Every structure is written in structure tokens, then in C-alpha cells.
>>> print(open('start_2.pdb').read())   # PDB, C-alpha atoms
ATOM      1  CA  MET Q   1      48.224 -14.889   7.871
ATOM      2  CA  PRO Q   2      46.223 -17.647   6.100
ATOM      3  CA  VAL Q   3      44.970 -16.863   2.594
ATOM      4  CA  SER Q   4      41.305 -17.532   1.804
ATOM      5  CA  HIS Q   5      40.621 -19.571  -1.344
ATOM      6  CA  ARG Q   6      36.930 -18.664  -1.451
ATOM      7  CA  ALA Q   7      35.511 -16.738  -4.421
ATOM      8  CA  PRO Q   8      34.761 -13.000  -3.909
ATOM      9  CA  SER Q   9      31.016 -13.678  -4.048
ATOM     10  CA  GLU Q  10      31.357 -16.222  -1.250
ATOM     11  CA  LEU Q  11      33.285 -13.714   0.836
ATOM     12  CA  LEU Q  12      30.584 -11.103   0.215
ATOM     13  CA  ASN Q  13      27.828 -13.508   1.190
ATOM     14  CA  SER Q  14      29.671 -14.518   4.330
ATOM     15  CA  ARG Q  15      29.732 -10.901   5.489
ATOM     16  CA  ARG Q  16      26.175 -10.005   4.492
ATOM     17  CA  SER Q  17      23.676  -9.548   7.296
ATOM     18  CA  PRO Q  18      21.035 -12.265   7.394
ATOM     19  CA  LEU Q  19      17.639 -11.343   5.921
ATOM     20  CA  LEU Q  20      14.955 -11.412   8.633
ATOM     21  CA  VAL Q  21      11.264 -10.639   8.021
ATOM     22  CA  PHE Q  22       8.780 -10.073  10.852
ATOM     23  CA  ALA Q  23       5.165  -8.937  10.942
ATOM     24  CA  GLY Q  24       2.851  -7.013  13.192
ATOM     25  CA  GLN Q  25      -0.750  -8.068  13.645
ATOM     26  CA  SER Q  26      -2.402  -5.919  10.962
ATOM     27  CA  ASN Q  27      -1.729  -8.023   7.835
ATOM     28  CA  ARG Q  28       0.122 -11.225   8.635
ATOM     29  CA  ARG Q  29      -1.288 -12.945   5.535
ATOM     30  CA  LEU Q  30       0.528 -10.504   3.273
ATOM     31  CA  ALA Q  31       3.714 -10.858   5.353
ATOM     32  CA  GLN Q  32       3.549 -14.654   5.095
ATOM     33  CA  SER Q  33       2.990 -14.437   1.343
ATOM     34  CA  ILE Q  34       6.004 -12.121   1.004
ATOM     35  CA  CYS Q  35       8.120 -14.638   2.921
ATOM     36  CA  ASP Q  36       6.863 -17.489   0.735
ATOM     37  CA  HIS Q  37       8.075 -15.612  -2.357
ATOM     38  CA  LEU Q  38      11.392 -14.786  -0.666
ATOM     39  CA  GLY Q  39      11.893 -18.381   0.429
ATOM     40  CA  VAL Q  40      12.522 -17.381   4.052
ATOM     41  CA  PRO Q  41      10.449 -18.172   7.156
ATOM     42  CA  LEU Q  42       8.359 -15.460   8.773
ATOM     43  CA  GLY Q  43      10.235 -14.409  11.899
ATOM     44  CA  ARG Q  44       8.922 -15.387  15.304
ATOM     45  CA  SER Q  45       7.619 -12.527  17.435
ATOM     46  CA  LYS Q  46       4.789 -12.014  19.882
ATOM     47  CA  THR Q  47       2.643  -8.991  20.690
ATOM     48  CA  GLU Q  48       0.482  -8.897  23.784
ATOM     49  CA  LYS Q  49      -1.855  -6.313  25.283
ATOM     50  CA  PHE Q  50      -1.984  -5.765  29.039
ATOM     51  CA  THR Q  51      -5.215  -5.119  30.901
ATOM     52  CA  ASN Q  52      -4.340  -1.401  30.949
ATOM     53  CA  ASP Q  53      -4.312  -1.447  27.094
ATOM     54  CA  ASN Q  54      -0.509  -1.188  26.847
ATOM     55  CA  LEU Q  55       1.258  -3.275  24.198
ATOM     56  CA  ILE Q  56       4.411  -5.329  24.653
ATOM     57  CA  VAL Q  57       6.452  -6.810  21.790
ATOM     58  CA  HIS Q  58       8.885  -9.695  22.168
ATOM     59  CA  TYR Q  59      11.145 -11.241  19.503
ATOM     60  CA  GLU Q  60      11.607 -14.969  19.902
ATOM     61  CA  GLU Q  61      14.826 -15.291  17.918
ATOM     62  CA  SER Q  62      18.137 -13.463  17.557
ATOM     63  CA  LEU Q  63      18.228 -10.289  15.450
ATOM     64  CA  ARG Q  64      21.893  -9.451  16.025
ATOM     65  CA  GLU Q  65      23.419  -7.774  12.950
ATOM     66  CA  GLY Q  66      20.388  -8.861  10.912
ATOM     67  CA  ASP Q  67      18.850  -6.950   8.002
ATOM     68  CA  VAL Q  68      15.368  -6.721   9.528
ATOM     69  CA  PHE Q  69      12.155  -5.967   7.616
ATOM     70  CA  ILE Q  70       8.975  -5.407   9.660
ATOM     71  CA  VAL Q  71       5.681  -5.640   7.731
ATOM     72  CA  GLN Q  72       2.845  -3.591   9.201
ATOM     73  CA  THR Q  73      -0.011  -1.940   7.322
ATOM     74  CA  PHE Q  74      -1.854   1.000   8.906
ATOM     75  CA  SER Q  75      -5.354  -0.492   8.915
ATOM     76  CA  THR Q  76      -8.023  -0.609  11.629
ATOM     77  CA  PRO Q  77      -7.245  -0.177  14.479
ATOM     78  CA  VAL Q  78      -4.733   2.264  13.005
ATOM     79  CA  SER Q  79      -3.381   3.641  16.291
ATOM     80  CA  ASP Q  80      -2.630   0.137  17.567
ATOM     81  CA  ALA Q  81      -0.898  -0.712  14.294
ATOM     82  CA  ILE Q  82       1.335   2.363  14.461
ATOM     83  CA  MET Q  83       2.189   1.828  18.132
ATOM     84  CA  GLU Q  84       2.970  -1.846  17.577
ATOM     85  CA  LEU Q  85       5.264  -0.991  14.657
ATOM     86  CA  MET Q  86       7.158   1.592  16.709
ATOM     87  CA  LEU Q  87       7.613  -0.907  19.536
ATOM     88  CA  MET Q  88       8.843  -3.554  17.079
ATOM     89  CA  ILE Q  89      11.333  -1.109  15.551
ATOM     90  CA  ASP Q  90      12.599  -0.020  18.970
ATOM     91  CA  ALA Q  91      12.882  -3.627  20.194
ATOM     92  CA  ALA Q  92      14.776  -4.615  17.043
ATOM     93  CA  LYS Q  93      17.278  -1.783  17.484
ATOM     94  CA  SER Q  94      17.696  -2.732  21.147
ATOM     95  CA  ALA Q  95      18.365  -6.310  20.028
ATOM     96  CA  SER Q  96      21.329  -5.085  17.929
ATOM     97  CA  ALA Q  97      19.697  -5.440  14.492
ATOM     98  CA  GLY Q  98      22.064  -4.225  11.793
ATOM     99  CA  ARG Q  99      19.369  -2.326   9.874
ATOM    100  CA  VAL Q 100      15.601  -1.995  10.307
ATOM    101  CA  THR Q 101      13.257  -1.322   7.406
ATOM    102  CA  ALA Q 102       9.619  -0.529   8.142
ATOM    103  CA  VAL Q 103       7.511  -2.123   5.392
ATOM    104  CA  ILE Q 104       4.224  -0.181   5.405
ATOM    105  CA  PRO Q 105       2.047  -1.399   2.500
ATOM    106  CA  TYR Q 106      -0.677   1.132   3.372
ATOM    107  CA  TYR Q 107       0.399   4.402   5.028
ATOM    108  CA  SER Q 108      -3.042   5.743   5.945
ATOM    109  CA  TYR Q 109      -1.850   9.056   7.397
ATOM    110  CA  ALA Q 110      -0.557  10.063   3.963
ATOM    111  CA  ARG Q 111      -3.998  11.677   3.569
ATOM    112  CA  SER Q 112      -2.938  14.254   6.192
ATOM    113  CA  ASP Q 113      -0.166  15.890   4.185
ATOM    114  CA  LYS Q 114      -0.919  19.599   4.564
ATOM    115  CA  LYS Q 115      -2.498  22.184   6.841
ATOM    116  CA  ASP Q 116      -5.715  22.841   4.927
ATOM    117  CA  SER Q 117      -7.666  24.230   7.907
ATOM    118  CA  PRO Q 118      -6.681  26.135  11.064
ATOM    119  CA  ARG Q 119      -5.361  24.477  14.220
ATOM    120  CA  ILE Q 120      -4.798  20.947  12.873
ATOM    121  CA  SER Q 121      -1.808  18.624  12.859
ATOM    122  CA  ILE Q 122      -0.014  17.539   9.707
ATOM    123  CA  ALA Q 123      -0.277  13.957  10.930
ATOM    124  CA  GLY Q 124       1.507  12.423   7.932
ATOM    125  CA  ARG Q 125       4.691  14.256   8.934
ATOM    126  CA  LEU Q 126       4.206  13.542  12.647
ATOM    127  CA  VAL Q 127       3.928   9.780  12.086
ATOM    128  CA  ALA Q 128       7.033   9.928   9.869
ATOM    129  CA  ASP Q 129       8.922  11.657  12.689
ATOM    130  CA  LEU Q 130       7.768   9.043  15.210
ATOM    131  CA  LEU Q 131       8.892   6.120  13.039
ATOM    132  CA  GLN Q 132      12.324   7.659  12.571
ATOM    133  CA  GLU Q 133      12.622   8.459  16.274
ATOM    134  CA  ALA Q 134      11.766   4.815  17.028
ATOM    135  CA  GLY Q 135      14.792   3.830  14.938
ATOM    136  CA  ALA Q 136      13.610   2.995  11.411
ATOM    137  CA  ASP Q 137      16.579   3.131   9.028
ATOM    138  CA  ARG Q 138      14.457   3.116   5.874
ATOM    139  CA  ILE Q 139      10.836   2.856   4.705
ATOM    140  CA  LEU Q 140       9.225   0.651   2.071
ATOM    141  CA  THR Q 141       5.648   1.576   1.150
ATOM    142  CA  MET Q 142       3.171   1.541  -1.751
ATOM    143  CA  THR Q 143       1.033   4.188  -3.497
ATOM    144  CA  LEU Q 144       1.029   7.081  -1.056
ATOM    145  CA  HIS Q 145      -2.185   9.122  -1.254
ATOM    146  CA  ALA Q 146      -0.004  12.234  -1.468
ATOM    147  CA  PRO Q 147       3.455  11.585  -3.022
ATOM    148  CA  GLN Q 148       4.928  14.578  -1.166
ATOM    149  CA  VAL Q 149       4.670  12.556   2.077
ATOM    150  CA  HIS Q 150       7.846  10.899   0.797
ATOM    151  CA  GLY Q 151       9.591  14.152   1.697
ATOM    152  CA  PHE Q 152       8.516  13.953   5.345
ATOM    153  CA  PHE Q 153      11.175  11.289   5.925
ATOM    154  CA  LYS Q 154      14.875  11.958   6.429
ATOM    155  CA  VAL Q 155      15.680   8.263   5.859
ATOM    156  CA  PRO Q 156      15.559   6.503   2.456
ATOM    157  CA  VAL Q 157      12.033   5.723   1.217
ATOM    158  CA  ASP Q 158      11.244   3.177  -1.495
ATOM    159  CA  HIS Q 159       7.801   4.031  -2.894
ATOM    160  CA  LEU Q 160       6.310   1.116  -4.837
ATOM    161  CA  SER Q 161       3.531   1.444  -7.407
ATOM    162  CA  ALA Q 162       0.698  -1.004  -8.073
ATOM    163  CA  ASP Q 163       0.055   0.431 -11.557
ATOM    164  CA  LEU Q 164       1.494  -2.596 -13.362
ATOM    165  CA  VAL Q 165      -0.609  -4.983 -11.251
ATOM    166  CA  LEU Q 166      -3.787  -2.947 -11.868
ATOM    167  CA  SER Q 167      -3.228  -2.640 -15.622
ATOM    168  CA  GLN Q 168      -2.483  -6.355 -15.987
ATOM    169  CA  HIS Q 169      -5.707  -7.089 -14.105
ATOM    170  CA  PHE Q 170      -7.719  -4.913 -16.489
ATOM    171  CA  LYS Q 171      -6.158  -6.722 -19.456
ATOM    172  CA  SER Q 172      -7.092 -10.096 -17.984
ATOM    173  CA  CYS Q 173     -10.697  -8.962 -17.449
ATOM    174  CA  VAL Q 174     -11.152  -7.272 -20.837
ATOM    175  CA  PRO Q 175      -9.109  -8.678 -23.768
ATOM    176  CA  ASP Q 176      -9.788  -5.561 -25.873
ATOM    177  CA  ALA Q 177      -8.954  -3.162 -23.043
ATOM    178  CA  HIS Q 178      -7.205  -0.905 -25.556
ATOM    179  CA  ASN Q 179     -10.656   0.075 -26.826
ATOM    180  CA  GLY Q 180     -11.719   1.222 -23.341
ATOM    181  CA  VAL Q 181     -11.193   4.428 -21.388
ATOM    182  CA  VAL Q 182      -9.314   4.891 -18.119
ATOM    183  CA  LEU Q 183     -11.263   7.319 -15.941
ATOM    184  CA  ALA Q 184      -9.591   9.392 -13.211
ATOM    185  CA  PRO Q 185     -12.134  10.238 -10.484
ATOM    186  CA  ASP Q 186     -10.452  13.611  -9.818
ATOM    187  CA  ALA Q 187      -7.536  15.790 -10.894
ATOM    188  CA  GLY Q 188      -5.279  14.249  -8.240
ATOM    189  CA  SER Q 189      -5.603  10.838  -9.886
ATOM    190  CA  ILE Q 190      -4.915  11.937 -13.453
ATOM    191  CA  LYS Q 191      -1.202  11.073 -13.436
ATOM    192  CA  ARG Q 192      -1.862   7.512 -12.238
ATOM    193  CA  ALA Q 193      -4.729   7.118 -14.701
ATOM    194  CA  SER Q 194      -2.532   8.407 -17.540
ATOM    195  CA  GLN Q 195       0.183   5.858 -16.746
ATOM    196  CA  ILE Q 196      -2.306   2.980 -16.753
ATOM    197  CA  ALA Q 197      -3.898   4.268 -19.974
ATOM    198  CA  ARG Q 198      -0.457   4.137 -21.607
ATOM    199  CA  ARG Q 199      -0.002   0.549 -20.434
ATOM    200  CA  LEU Q 200      -3.411  -0.389 -21.850
ATOM    201  CA  ASP Q 201      -2.968   1.798 -24.961
ATOM    202  CA  SER Q 202      -6.479   3.063 -24.174
ATOM    203  CA  GLY Q 203      -8.310   6.382 -23.946
ATOM    204  CA  LEU Q 204      -8.238   8.712 -20.944
ATOM    205  CA  ALA Q 205     -10.919  10.775 -19.199
ATOM    206  CA  MET Q 206     -11.272  12.707 -15.947
ATOM    207  CA  ILE Q 207     -14.021  13.934 -13.632
ATOM    208  CA  ASP Q 208     -13.775  17.475 -12.352
ATOM    209  CA  LYS Q 209     -15.174  17.611  -8.833
ATOM    210  CA  GLU Q 210     -15.189  19.686  -5.674
ATOM    211  CA  ARG Q 211     -14.589  18.108  -2.268
ATOM    212  CA  ILE Q 212     -17.037  19.417   0.324
ATOM    213  CA  SER Q 213     -15.776  17.348   3.285
ATOM    214  CA  ASP Q 214     -13.863  14.164   4.038
ATOM    215  CA  THR Q 215     -16.911  12.089   3.061
ATOM    216  CA  GLU Q 216     -18.747  14.331   0.559
ATOM    217  CA  VAL Q 217     -17.792  15.440  -2.950
ATOM    218  CA  ARG Q 218     -19.632  17.406  -5.627
ATOM    219  CA  PRO Q 219     -18.946  16.351  -9.256
ATOM    220  CA  ARG Q 220     -19.060  19.112 -11.856
ATOM    221  CA  ALA Q 221     -18.140  17.661 -15.264
ATOM    222  CA  LEU Q 222     -16.642  14.684 -17.110
ATOM    223  CA  ILE Q 223     -13.763  15.602 -19.391
ATOM    224  CA  GLY Q 224     -13.393  13.048 -22.190
ATOM    225  CA  ASP Q 225     -15.587  10.538 -24.032
ATOM    226  CA  VAL Q 226     -16.894   7.338 -22.375
ATOM    227  CA  ASP Q 227     -20.044   6.821 -24.477
ATOM    228  CA  GLY Q 228     -20.362   3.148 -25.447
ATOM    229  CA  LYS Q 229     -16.938   2.359 -23.955
ATOM    230  CA  THR Q 230     -15.713   0.004 -21.257
ATOM    231  CA  VAL Q 231     -14.558   2.284 -18.435
ATOM    232  CA  PHE Q 232     -11.684   1.519 -16.060
ATOM    233  CA  ILE Q 233     -11.805   3.652 -12.899
ATOM    234  CA  VAL Q 234      -8.495   3.860 -11.012
ATOM    235  CA  ASP Q 235      -7.657   5.488  -7.685
ATOM    236  CA  ASP Q 236      -5.280   5.073  -4.766
ATOM    237  CA  GLU Q 237      -7.898   3.823  -2.281
ATOM    238  CA  ILE Q 238     -11.551   3.248  -1.476
ATOM    239  CA  SER Q 239     -12.641   4.216   2.026
ATOM    240  CA  THR Q 240     -16.400   4.845   2.360
ATOM    241  CA  ALA Q 241     -16.919   4.523  -1.436
ATOM    242  CA  GLY Q 242     -18.780   7.848  -1.547
ATOM    243  CA  SER Q 243     -16.534   9.229  -4.293
ATOM    244  CA  LEU Q 244     -16.743   5.931  -6.167
ATOM    245  CA  VAL Q 245     -20.537   6.043  -6.261
ATOM    246  CA  GLU Q 246     -20.482   9.557  -7.734
ATOM    247  CA  THR Q 247     -17.833   8.586 -10.299
ATOM    248  CA  VAL Q 248     -19.723   5.486 -11.449
ATOM    249  CA  ASN Q 249     -23.030   7.355 -11.662
ATOM    250  CA  ILE Q 250     -21.487  10.068 -13.835
ATOM    251  CA  ALA Q 251     -19.808   7.497 -16.097
ATOM    252  CA  ARG Q 252     -23.121   5.657 -16.505
ATOM    253  CA  SER Q 253     -25.030   8.862 -17.208
ATOM    254  CA  MET Q 254     -22.517   9.643 -19.971
ATOM    255  CA  GLY Q 255     -23.111   6.286 -21.682
ATOM    256  CA  ALA Q 256     -20.416   3.983 -20.246
ATOM    257  CA  LYS Q 257     -21.014   0.359 -21.314
ATOM    258  CA  ASP Q 258     -19.230  -1.645 -18.593
ATOM    259  CA  VAL Q 259     -17.431  -0.299 -15.544
ATOM    260  CA  TYR Q 260     -14.431  -1.890 -13.809
ATOM    261  CA  VAL Q 261     -12.763  -0.373 -10.747
ATOM    262  CA  ALA Q 262      -9.258  -1.042  -9.416
ATOM    263  CA  VAL Q 263      -7.473   0.666  -6.534
ATOM    264  CA  THR Q 264      -4.327  -0.037  -4.552
ATOM    265  CA  HIS Q 265      -5.835   0.074  -1.064
ATOM    266  CA  GLY Q 266      -9.254  -1.442  -0.349
ATOM    267  CA  VAL Q 267      -9.977   0.039   3.079
ATOM    268  CA  TYR Q 268     -13.779  -0.381   2.810
ATOM    269  CA  THR Q 269     -14.969   1.427   5.937
ATOM    270  CA  GLY Q 270     -18.468   2.436   7.066
ATOM    271  CA  PRO Q 271     -21.080   1.966   4.330
ATOM    272  CA  ALA Q 272     -18.531   1.058   1.616
ATOM    273  CA  ILE Q 273     -19.490  -2.600   1.213
ATOM    274  CA  GLN Q 274     -23.229  -1.850   1.078
ATOM    275  CA  ARG Q 275     -22.616   0.886  -1.488
ATOM    276  CA  ILE Q 276     -20.496  -1.399  -3.667
ATOM    277  CA  ALA Q 277     -23.085  -4.189  -3.445
ATOM    278  CA  GLY Q 278     -25.703  -1.841  -4.902
ATOM    279  CA  LEU Q 279     -23.402  -0.206  -7.445
ATOM    280  CA  ASP Q 280     -23.782  -0.728 -11.205
ATOM    281  CA  VAL Q 281     -20.258  -2.040 -11.777
ATOM    282  CA  THR Q 282     -18.896  -5.335 -13.029
ATOM    283  CA  GLN Q 283     -16.075  -5.553 -10.492
ATOM    284  CA  VAL Q 284     -14.195  -3.613  -7.814
ATOM    285  CA  ALA Q 285     -10.601  -4.794  -7.313
ATOM    286  CA  SER Q 286      -8.016  -3.813  -4.716
ATOM    287  CA  THR Q 287      -4.634  -5.204  -3.763
ATOM    288  CA  ASN Q 288      -3.928  -7.051  -0.514
ATOM    289  CA  THR Q 289      -2.045  -4.150   1.103
ATOM    290  CA  VAL Q 290      -5.107  -4.079   3.387
ATOM    291  CA  HIS Q 291      -6.653  -7.417   4.323
ATOM    292  CA  VAL Q 292     -10.167  -7.828   2.867
ATOM    293  CA  SER Q 293     -12.104 -10.342   4.954
ATOM    294  CA  GLN Q 294     -14.217 -13.102   3.466
ATOM    295  CA  ASP Q 295     -17.267 -11.555   5.144
ATOM    296  CA  LYS Q 296     -16.757  -8.312   3.232
ATOM    297  CA  GLN Q 297     -16.279 -10.150  -0.049
ATOM    298  CA  GLU Q 298     -19.511 -12.068   0.451
ATOM    299  CA  ALA Q 299     -21.454  -8.974   1.582
ATOM    300  CA  ALA Q 300     -20.396  -7.157  -1.605
ATOM    301  CA  GLY Q 301     -22.231  -9.743  -3.678
ATOM    302  CA  GLY Q 302     -19.140 -11.209  -5.311
ATOM    303  CA  LYS Q 303     -18.089  -7.863  -6.839
ATOM    304  CA  LEU Q 304     -14.817  -7.601  -4.895
ATOM    305  CA  ALA Q 305     -11.522  -8.966  -6.217
ATOM    306  CA  VAL Q 306      -8.195  -8.994  -4.368
ATOM    307  CA  LEU Q 307      -4.916  -8.673  -6.288
ATOM    308  CA  ASP Q 308      -1.652  -9.974  -4.841
ATOM    309  CA  VAL Q 309       1.273  -7.546  -4.510
ATOM    310  CA  ALA Q 310       3.395  -9.870  -2.352
ATOM    311  CA  PRO Q 311       5.735 -10.716  -5.297
ATOM    312  CA  LEU Q 312       6.429  -7.005  -5.826
ATOM    313  CA  PHE Q 313       7.226  -6.453  -2.139
ATOM    314  CA  ALA Q 314       9.389  -9.593  -2.121
ATOM    315  CA  ASP Q 315      11.387  -8.342  -5.130
ATOM    316  CA  ALA Q 316      11.803  -4.916  -3.508
ATOM    317  CA  ILE Q 317      13.017  -6.473  -0.242
ATOM    318  CA  THR Q 318      15.475  -8.659  -2.168
ATOM    319  CA  ASN Q 319      16.879  -5.642  -4.020
ATOM    320  CA  ILE Q 320      17.149  -3.562  -0.851
ATOM    321  CA  HIS Q 321      18.897  -6.436   0.949
ATOM    322  CA  THR Q 322      21.382  -7.041  -1.880
ATOM    323  CA  GLY Q 323      21.932  -3.384  -2.708
ATOM    324  CA  ALA Q 324      20.312  -3.612  -6.145
ATOM    325  CA  SER Q 325      18.100  -0.941  -7.698
ATOM    326  CA  VAL Q 326      14.437  -0.910  -6.675
ATOM    327  CA  SER Q 327      13.428   1.395  -9.553
ATOM    328  CA  THR Q 328      14.260  -1.355 -12.058
ATOM    329  CA  LEU Q 329      11.118  -3.163 -10.884
ATOM    330  CA  PHE Q 330       9.024  -0.605 -12.803
ATOM    331  CA  THR Q 331      10.889  -0.445 -16.111
TER     332      THR Q 331
END
>>> encode(input="start_2.pdb", output="C-alpha cells")
Amino acid sequence: MPVSHRAPSELLNSRRSPLLVFAGQSNRRLAQSICDHLGVPLGRSKTEKFTNDNLIVHYEESLREGDVFIVQTFSTPVSDAIMELMLMIDAAKSASAGRVTAVIPYYSYARSDKKDSPRISIAGRLVADLLQEAGADRILTMTLHAPQVHGFFKVPVDHLSADLVLSQHFKSCVPDAHNGVVLAPDAGSIKRASQIARRLDSGLAMIDKERISDTEVRPRALIGDVDGKTVFIVDDEISTAGSLVETVNIARSMGAKDVYVAVTHGVYTGPAIQRIAGLDVTQVASTNTVHVSQDKQEAAGGKLAVLDVAPLFADAITNIHTGASVSTLFT
């Protein structure tokens, strides 16, 4: 039997599955940016819709034994995005992919994490079940609205955080950010706000509020001191911006000097853009987990900023592919 003279690392690389990255239609710009940082081409695939509204997905290159990553964010139209991702996962498994990772920058159904009224579905768990049934071997996502959604999956989940990106953005906007105050818009955001406050070495405050419905909240009190301070509001997402308006108004009424807002997911639905345009804030920033169109940026009067998380996703994909630790990206 011939003896190989190659180094162990060369032998390992020769056996490693090729890294293949594909994208659905929801956020191809982010997928392309991830590939640019990885130094690999975005995989060739095609999605079409028949006249009866059915989708068909077709890969235009071999996936055999590949380590496949499919980037698809759950943004409007959400149902189409989820269905397309499931079809892409199923097609990849049928094409003999070695492993399939669903990269979901924004998992919108994480908001449906519990049965808080009679006769409803816990949709966050249902979507998790569907993705696993389609054949997903692991999940890569960012800033789940409810961290417990992680437990809905029986496959490995890598849950990225945008906290470092948000805190670095605040520092770039305000050189003396350590003299400011990070404001959590509700009790559910206090842990994230506390982590960013530690990174900024700044103060911390919180608004106590009561949620009346999905689109209406009732603020009750501000816990902490924001008088004369630059305030940094942090949250996981902005949808209609109703909660944001209430938070900013309270901060202003309590003497806040300047107000900056940064969230992971800028969904901006319904009246959100109009509300932000008329809001007394210096800037509202979100990451590019959800694509923010140029039209929205212009309609918001130049107040919107978009932060790039493609390098973080690229590093996570590299570590998953090579078997390195993903948690080291946050230490």
C-alpha cells in the first residue's frame, strides 16, 4: 500500500467537505457580502413561482458531500421566505449535501414563543419543527426576540449577538459615550442593555411599561437618571416603531439631551418610517439582517443608518465549517 507524504493538515483538508453558500430571495445583498468576506462565490441557484403561486427551487451546481449554508432572512413576504428556505433545504439534502445549515439572520417567528392567549399556535416552535423536518442539520441565527426559542430546536443552534456591533457604533457616534446612559425600553431588554452599558462603561436605565396589544404599549415609569445625558436606546427590533416613539418621548420628558437608537433588526413595517421621520432623535441604526431599501432611508429624512454584520456571519460560518468554537467570537 503506497504511503502518503502529505502533511496531516493537507490530508485533513483533502477530506473536508467543500464550503458552499447559497441564498434565497429575501436578502441576497447580505449573502453576497458574507461570501465576499469568506472569499467564496455565492452559489448558483434559481427560485421560480408558477402561475398557481407554487415555488420551485433548482440548484445549478453540484452539492454532493458539500458543507452547505443557505442564507434566508424571514422578512416580507415572510411565508414565501420560509417556504423557499424549506424547499432549498430539502433540495440540498436530495442532492446529497453532506450537511445543511440554515442561516436565518432574522427569525421573525421568535416573537411567537409562548401560548399567551387561548386557542393560538406557538408558531416559533412550529417553524422550528418544519425546518428540521425539511432536513436542516443546524441553525445559525442572530438576536432572537425570545432566547428560549433556541430550545425549540433539536439540532445545534448558533445564536449570534449584535451587541458588539451596536456598542462600537455608539462609540463612533459619541466619543464620550461613557458619560451617556443606555436605556432599555422594557424589562425584556434589560439584559442586552446591561451588556452594552458594560461595553460603553456608561450608565443604565429602564422603562417600565405594560403591553396592551401587539401594536400598543402603556409606559408607566423610567427607572434611572437620563437628565442632561446622551441616551442610547437598544432593542432587538423595530417593527411599527410604536414602542420606540413612547420610549423616546419619555426619555425627552425626563431631560435627555441627545437620543441615539440601535437595534439588531430594522423591520420598519406600517407607519414606522413616518414615525421615525417625525421623531426627536439624532439617529436610528439597525443591522443589515433585514434589507433596508434606499426609499425607506430617504423617507426617514436621513435618520436611518445600516450596520454591517456580514463579517460576523462570515466568521461564524468559517468556525462552523472548520469545527472551531463560535462562542470565541464574543470574548
>>> residues_around(input="start_2.pdb", residues="Arg99 of chain Q", least_positions_apart="3", cutoff="7 Å", atoms="all atoms listed in the file", output="VMD selection string")
chain Q and resid 66 to 68 137
>>> atom_distance(input="start_2.pdb", atom1="atom CA of Pro41 of chain Q", atom2="atom CA of Phe74 of chain Q")
22.8 Å
>>> residues_around(input="start_2.pdb", residues="segment 201-204 of chain Q", least_positions_apart="5", cutoff="8 Å", atoms="only C-alpha atoms", output="ChimeraX atom specification")
/Q:177-184,193-194,224
>>> resolve_selection(input="start_2.pdb", expression="the PyMOL selection byres ((chain Q and resi 286) around 9)", output="PyMOL selection string")
chain Q and resi 166+237-238+261-267+284-285+287-290+292+304-308
>>> closest_residue(input="start_2.pdb", among="Q:Thr322, Q:Thr76, Q:Ser253, Q:Thr269", to="Ser17 of chain Q", atoms="all atoms listed in the file")
Q:Thr322
>>> atom_distance(input="start_2.pdb", atom1="atom CA of Tyr107 of chain Q", atom2="atom CA of Ala81 of chain Q")
10.7 Å
>>> resolve_selection(input="start_2.pdb", expression="the PyMOL selection byres ((chain Q and resi 98) around 12)", output="count of residues only")
28
>>> atom_distance(input="start_2.pdb", atom1="atom CA of Ala187 of chain Q", atom2="atom CA of Ala205 of chain Q")
10.3 Å
>>> resolve_selection(input="start_2.pdb", expression="the PyMOL selection byres ((chain Q and resi 115-125) around 10)", output="CSV table (one decimal) with C-alpha atoms, in the coordinates of the input")
chain,number,residue,atom,x,y,z
Q,107,TYR,CA,0.4,4.4,5.0
Q,108,SER,CA,-3.0,5.7,5.9
Q,109,TYR,CA,-1.8,9.1,7.4
Q,110,ALA,CA,-0.6,10.1,4.0
Q,111,ARG,CA,-4.0,11.7,3.6
Q,112,SER,CA,-2.9,14.3,6.2
Q,113,ASP,CA,-0.2,15.9,4.2
Q,114,LYS,CA,-0.9,19.6,4.6
Q,126,LEU,CA,4.2,13.5,12.6
Q,127,VAL,CA,3.9,9.8,12.1
Q,128,ALA,CA,7.0,9.9,9.9
Q,129,ASP,CA,8.9,11.7,12.7
Q,130,LEU,CA,7.8,9.0,15.2
Q,146,ALA,CA,0.0,12.2,-1.5
Q,148,GLN,CA,4.9,14.6,-1.2
Q,149,VAL,CA,4.7,12.6,2.1
Q,150,HIS,CA,7.8,10.9,0.8
Q,151,GLY,CA,9.6,14.2,1.7
Q,152,PHE,CA,8.5,14.0,5.3
Q,153,PHE,CA,11.2,11.3,5.9
>>> closest_residue(input="start_2.pdb", among="Q:Arg220, Q:Arg29, Q:His145, Q:Lys229", to="Ser189 of chain Q", atoms="only C-alpha atoms")
Q:His145
>>> closest_residue(input="start_2.pdb", among="Q:Lys171, Q:Arg199, Q:Lys191, Q:Lys296", to="Tyr260 of chain Q", atoms="all atoms listed in the file")
Q:Lys171
>>> axis_aligned_box(input="start_2.pdb", around="segment 31-37 of chain Q", padding_each_side="4 Å", output="lines of an AutoDock Vina configuration file")
center_x = 5.6
center_y = -14.2
center_z = 1.5
size_x = 13.1
size_y = 14.6
size_z = 15.7
>>> residues_near_point(input="start_2.pdb", point="(10.1, -9.9, 9.0)", cutoff="8 Å", atoms="all atoms listed in the file", output="compact mmCIF listing (two decimals) with C-alpha atoms, keeping the file's coordinate frame")
# COMPACT_ATOMS: atom_id res chain seq x y z
CA LEU Q 20 14.96 -11.41 8.63
CA VAL Q 21 11.26 -10.64 8.02
CA PHE Q 22 8.78 -10.07 10.85
CA ALA Q 23 5.16 -8.94 10.94
CA ALA Q 31 3.71 -10.86 5.35
CA CYS Q 35 8.12 -14.64 2.92
CA LEU Q 42 8.36 -15.46 8.77
CA GLY Q 43 10.24 -14.41 11.90
CA VAL Q 68 15.37 -6.72 9.53
CA PHE Q 69 12.16 -5.97 7.62
CA ILE Q 70 8.98 -5.41 9.66
CA VAL Q 71 5.68 -5.64 7.73
>>> closest_residue(input="start_2.pdb", among="Q:Gly228, Q:Pro105, Q:Pro77, Q:Gly188", to="Ala256 of chain Q", atoms="only C-alpha atoms")
Q:Gly228
>>> residues_around(input="start_2.pdb", residues="Asp163 of chain Q", least_positions_apart="4", cutoff="8 Å", atoms="all atoms listed in the file", output="ChimeraX atom specification")
/Q:167,192,195-196
>>> closest_residue(input="start_2.pdb", among="Q:Ser327, Q:Thr282, Q:Thr247, Q:Asn52", to="Ser161 of chain Q", atoms="only C-alpha atoms")
Q:Ser327
>>> closest_residue(input="start_2.pdb", among="Q:Arg275, Q:Phe313, Q:Gly39, Q:Lys49", to="Ile104 of chain Q", atoms="all atoms listed in the file")
Q:Phe313
